[in-house]
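Quick notes on the structure that follows.
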Amino acid sequence: MATVLPSPPRVGMVSLGCPKNLVDSERILTQLRADGYQMSADYAGADVVLVNTCGFLDSSKEESLEAIGEAIAENGRVIVTGCMGKEADVIRARFPNVLAVTGAHEYEQVVEAVHEAAPAGISPYVDLIPDAGLKLTPRHYSYLKISEGCNHRCAFCIIPQLRGDLVSRRPDAILREAEKLVAAGTRELLVISQDTSAYGIDIRGDDRAWKGRQVRPHMTDLARELGQIAPWVRLHYVYPYPHVNQVIPLMAEGLVLPYLDIPFQHASPSVLRAMKRPANDAKVLQRIKGWREVCPDIAIRSTFVVGFPGETEDDIAYLLDWLEEAQLDRVGAFRFEPVAGAPANDLPNPVPEEVKEERYARVMAKTAAISAAKLAAKIGRTLEVIVDEVADGGANARSQADAPEIDGTVFLRDAGHLAPGDIVRVAIEDADEHDLYGVPLA
């Protein structure tokens, strides 16, 4: 007589916010899959829905609350986790029927809440998951989180309140995870944390054996080892500490992509001091010049906040001049937004919304012009790209200067023979403000 297996409970997931949140979602789903649960792609098929929230800005919180409301309306059985979990009283006041609320990276509590809401039995016949775990990104790239929390106390940020101080992972554990991801098809590792440059300062001296050698818990050692595991390694959220200089030769050697994601936030010394950020802009410009001398193709991306309390017209003019001299490759800008609990809320001289908008437009126009000129200079060059999508005889790809979802695209013609994850050389034929256009070679 045939054995009839019971249908396992199904879990839906809504994941909001940054890539660090996405990694948390992947870990939660991997554990639930190991515990016998199936995943649901829609509300209707789920026995319970997880909403992994973002709580960095007030607008992010409102988006999270809207997502919770939609999940309750469509399904009714909702568990909330993530950064906004710190404000459980706010969530429960608006949605008293949520089943549970947990904070950021509280994996065990989330899983326990799911077990209670929709118990599952483990079946040896069907409960198999890949060694690399479940992923929410395409097969060919993966986010690799190396630490949690942050030791900085920037005036506009509440991340330490949400995620705590820096807690670094062991280097050997990170490298084992990287190997599993690459074995499962990952071609590009995107290294993330709140402060990648600070990796290991909390576990200094805790060297670990790896492949017959000792590896320090330090950004340089980690980058060097990761470069021997994956074809592409991209570093995100790098503060410009002096030891970042040690990583640039690794980029010149090809071990790490020539790409640095550095959140400068502003250039005016007075604004940076008010933000409680490093304020030696002249030294930063000198270091950028030095990095380009070692690795001429290095791409530097950054984000800037305009309209911070007390910001003057002189400050924004200073920032625009600084951007002209720095010639950053990729830039994102944000209008300052008060966040409940952030010290910046108490600063004097708030900038009117219409002034923020005007300054934001000027910054974006400046950076768009710089980007257009830099991309135009690549016409006629041969670049290495990674393919993201293939359709209708063409392909969408990214150069080494482009991180997924936040930077530009290399649109390819005559590329129907390629597949996602292929790393190929292409001839660049055209460019606009943000993207490149080309054709594969051979």
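Ligands are numbered from 1 in the order shown, residues from 1 within each chain, and chains are lettered A, B, ... in the order they appear in the structure tokens.
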All residues 9 Å or closer to region 88-102 of chain A, only C-alpha atoms, same chain fewer than 5 positions away omitted, as a PyMOL selection string: chain A and resi 65+68-69+72+76-83+107+109-110+113-114+117
Take the selection from the previous step and output its residues with N, CA and C atoms, as an mmCIF file, in the first residue's frame.
```
data_model
loop_
_atom_site.group_PDB
_atom_site.id
_atom_site.type_symbol
_atom_site.label_atom_id
_atom_site.label_comp_id
_atom_site.auth_asym_id
_atom_site.auth_seq_id
_atom_site.Cartn_x
_atom_site.Cartn_y
_atom_site.Cartn_z
ATOM 1 N N LEU A 65 4.601 49.164 7.382
ATOM 2 C CA LEU A 65 3.240 49.059 7.919
ATOM 3 C C LEU A 65 2.231 48.775 6.816
ATOM 4 N N ILE A 68 2.520 45.109 6.001
ATOM 5 C CA ILE A 68 1.863 44.298 7.034
ATOM 6 C C ILE A 68 0.352 44.330 6.832
ATOM 7 N N GLY A 69 -0.181 45.526 6.586
ATOM 8 C CA GLY A 69 -1.619 45.659 6.374
ATOM 9 C C GLY A 69 -2.100 44.867 5.177
ATOM 10 N N ILE A 72 -2.122 41.147 6.057
ATOM 11 C CA ILE A 72 -3.263 40.814 6.922
ATOM 12 C C ILE A 72 -4.548 40.785 6.108
ATOM 13 N N GLY A 76 -4.236 37.159 6.547
ATOM 14 C CA GLY A 76 -4.773 37.177 7.902
ATOM 15 C C GLY A 76 -3.865 36.606 8.967
ATOM 16 N N ARG A 77 -2.920 35.753 8.572
ATOM 17 C CA ARG A 77 -2.023 35.116 9.545
ATOM 18 C C ARG A 77 -0.613 35.631 9.268
ATOM 19 N N VAL A 78 -0.188 36.614 10.068
ATOM 20 C CA VAL A 78 1.040 37.362 9.749
ATOM 21 C C VAL A 78 1.979 37.406 10.952
ATOM 22 N N ILE A 79 3.266 37.149 10.681
ATOM 23 C CA ILE A 79 4.340 37.292 11.660
ATOM 24 C C ILE A 79 5.270 38.386 11.157
ATOM 25 N N VAL A 80 5.605 39.324 12.016
ATOM 26 C CA VAL A 80 6.436 40.465 11.644
ATOM 27 C C VAL A 80 7.823 40.317 12.253
ATOM 28 N N THR A 81 8.848 40.578 11.457
ATOM 29 C CA THR A 81 10.221 40.551 11.954
ATOM 30 C C THR A 81 10.983 41.723 11.335
ATOM 31 N N GLY A 82 12.282 41.811 11.608
ATOM 32 C CA GLY A 82 13.102 42.848 11.012
ATOM 33 C C GLY A 82 13.291 44.062 11.895
ATOM 34 N N CYS A 83 13.858 45.115 11.300
ATOM 35 C CA CYS A 83 14.254 46.293 12.074
ATOM 36 C C CYS A 83 13.094 46.966 12.777
ATOM 37 N N TYR A 107 16.570 35.135 14.384
ATOM 38 C CA TYR A 107 16.142 34.000 13.576
ATOM 39 C C TYR A 107 15.374 32.954 14.389
ATOM 40 N N GLN A 109 13.674 33.185 17.157
ATOM 41 C CA GLN A 109 12.351 33.619 17.584
ATOM 42 C C GLN A 109 11.360 33.581 16.428
ATOM 43 N N VAL A 110 11.810 33.955 15.232
ATOM 44 C CA VAL A 110 10.924 33.913 14.064
ATOM 45 C C VAL A 110 10.506 32.483 13.778
ATOM 46 N N ALA A 113 8.046 31.177 16.232
ATOM 47 C CA ALA A 113 6.722 31.745 16.000
ATOM 48 C C ALA A 113 6.013 31.024 14.862
ATOM 49 N N VAL A 114 6.758 30.668 13.805
ATOM 50 C CA VAL A 114 6.160 29.926 12.698
ATOM 51 C C VAL A 114 5.754 28.532 13.153
ATOM 52 N N ALA A 117 2.546 28.880 14.980
ATOM 53 C CA ALA A 117 1.402 29.281 14.158
ATOM 54 C C ALA A 117 0.969 28.193 13.179
#
```
DSSP-assigned alpha helix (DSSP H) among region 300-379 of chain A, expressed as a count of residues only: 38
Nearest to Glu384 (chain A), chosen from A:Glu353, A:Asp297, A:Glu405, A:Glu108, with only C-alpha atoms counted in the distances: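 Closest to Glu384 (chain A) of all the choices is A:Asp297.
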Listing only residues of region 130-183 of chain A within 10 Å of region 417-431 of chain A, what is the closest atom pair and its distance in Å (to one decimal) for each, using only C-alpha atoms, sorted by chain and residue number ascending, as a Markdown table?
```
| residue | atom | partner | partner_atom | distance |
| --- | --- | --- | --- | --- |
| A:Pro138 | CA | A:Pro420 | CA | 8.6 |
| A:Arg139 | CA | A:Gly421 | CA | 7.8 |
| A:His140 | CA | A:Gly421 | CA | 4.9 |
| A:Tyr141 | CA | A:Gly421 | CA | 7.8 |
```
Selection near region 162-179 of chain A, 6 Å with only C-alpha atoms, sequence-local residues under 3 positions removed, as a ChimeraX atom specification: /A:83,146-151,159,182,199-200,217
Which residues are near region 265-268 of chain A? Cut-off 8 Å, only C-alpha atoms, ignore same chain within fewer than 5 positions. Put them as an mmCIF file with N, CA and C atoms, in the first residue's frame.
```cif
data_model
loop_
_atom_site.group_PDB
_atom_site.id
_atom_site.type_symbol
_atom_site.label_atom_id
_atom_site.label_comp_id
_atom_site.auth_asym_id
_atom_site.auth_seq_id
_atom_site.Cartn_x
_atom_site.Cartn_y
_atom_site.Cartn_z
ATOM 1 N N ALA A 279 35.469 64.097 8.866
ATOM 2 C CA ALA A 279 35.287 65.362 8.162
ATOM 3 C C ALA A 279 36.514 65.863 7.422
ATOM 4 N N ASP A 281 37.842 66.103 4.306
ATOM 5 C CA ASP A 281 37.536 65.881 2.900
ATOM 6 C C ASP A 281 38.763 65.966 2.009
ATOM 7 N N SER A 302 28.904 56.134 -4.153
ATOM 8 C CA SER A 302 28.642 56.677 -2.830
ATOM 9 C C SER A 302 27.213 57.191 -2.744
ATOM 10 N N THR A 303 26.815 57.526 -1.532
ATOM 11 C CA THR A 303 25.513 58.136 -1.281
ATOM 12 C C THR A 303 25.730 59.424 -0.498
ATOM 13 N N PHE A 304 24.834 60.378 -0.721
ATOM 14 C CA PHE A 304 24.919 61.677 -0.061
ATOM 15 C C PHE A 304 23.544 62.093 0.442
ATOM 16 N N VAL A 305 23.539 62.781 1.580
ATOM 17 C CA VAL A 305 22.310 63.303 2.167
ATOM 18 C C VAL A 305 22.287 64.813 1.970
ATOM 19 N N VAL A 306 21.230 65.324 1.373
ATOM 20 C CA VAL A 306 21.088 66.769 1.223
ATOM 21 C C VAL A 306 19.972 67.262 2.133
ATOM 22 N N ASP A 315 27.379 75.219 2.079
ATOM 23 C CA ASP A 315 27.651 73.784 2.244
ATOM 24 C C ASP A 315 27.324 73.018 0.968
ATOM 25 N N ILE A 316 26.187 73.332 0.348
ATOM 26 C CA ILE A 316 25.808 72.587 -0.860
ATOM 27 C C ILE A 316 26.727 72.953 -2.014
ATOM 28 N N TYR A 318 29.861 73.711 -1.638
ATOM 29 C CA TYR A 318 31.079 72.961 -1.308
ATOM 30 C C TYR A 318 30.944 71.515 -1.795
ATOM 31 N N LEU A 319 29.772 70.909 -1.533
ATOM 32 C CA LEU A 319 29.544 69.527 -1.964
ATOM 33 C C LEU A 319 29.613 69.414 -3.483
ATOM 34 N N TRP A 322 33.143 69.601 -4.561
ATOM 35 C CA TRP A 322 33.831 68.363 -4.161
ATOM 36 C C TRP A 322 33.505 67.239 -5.140
#
```
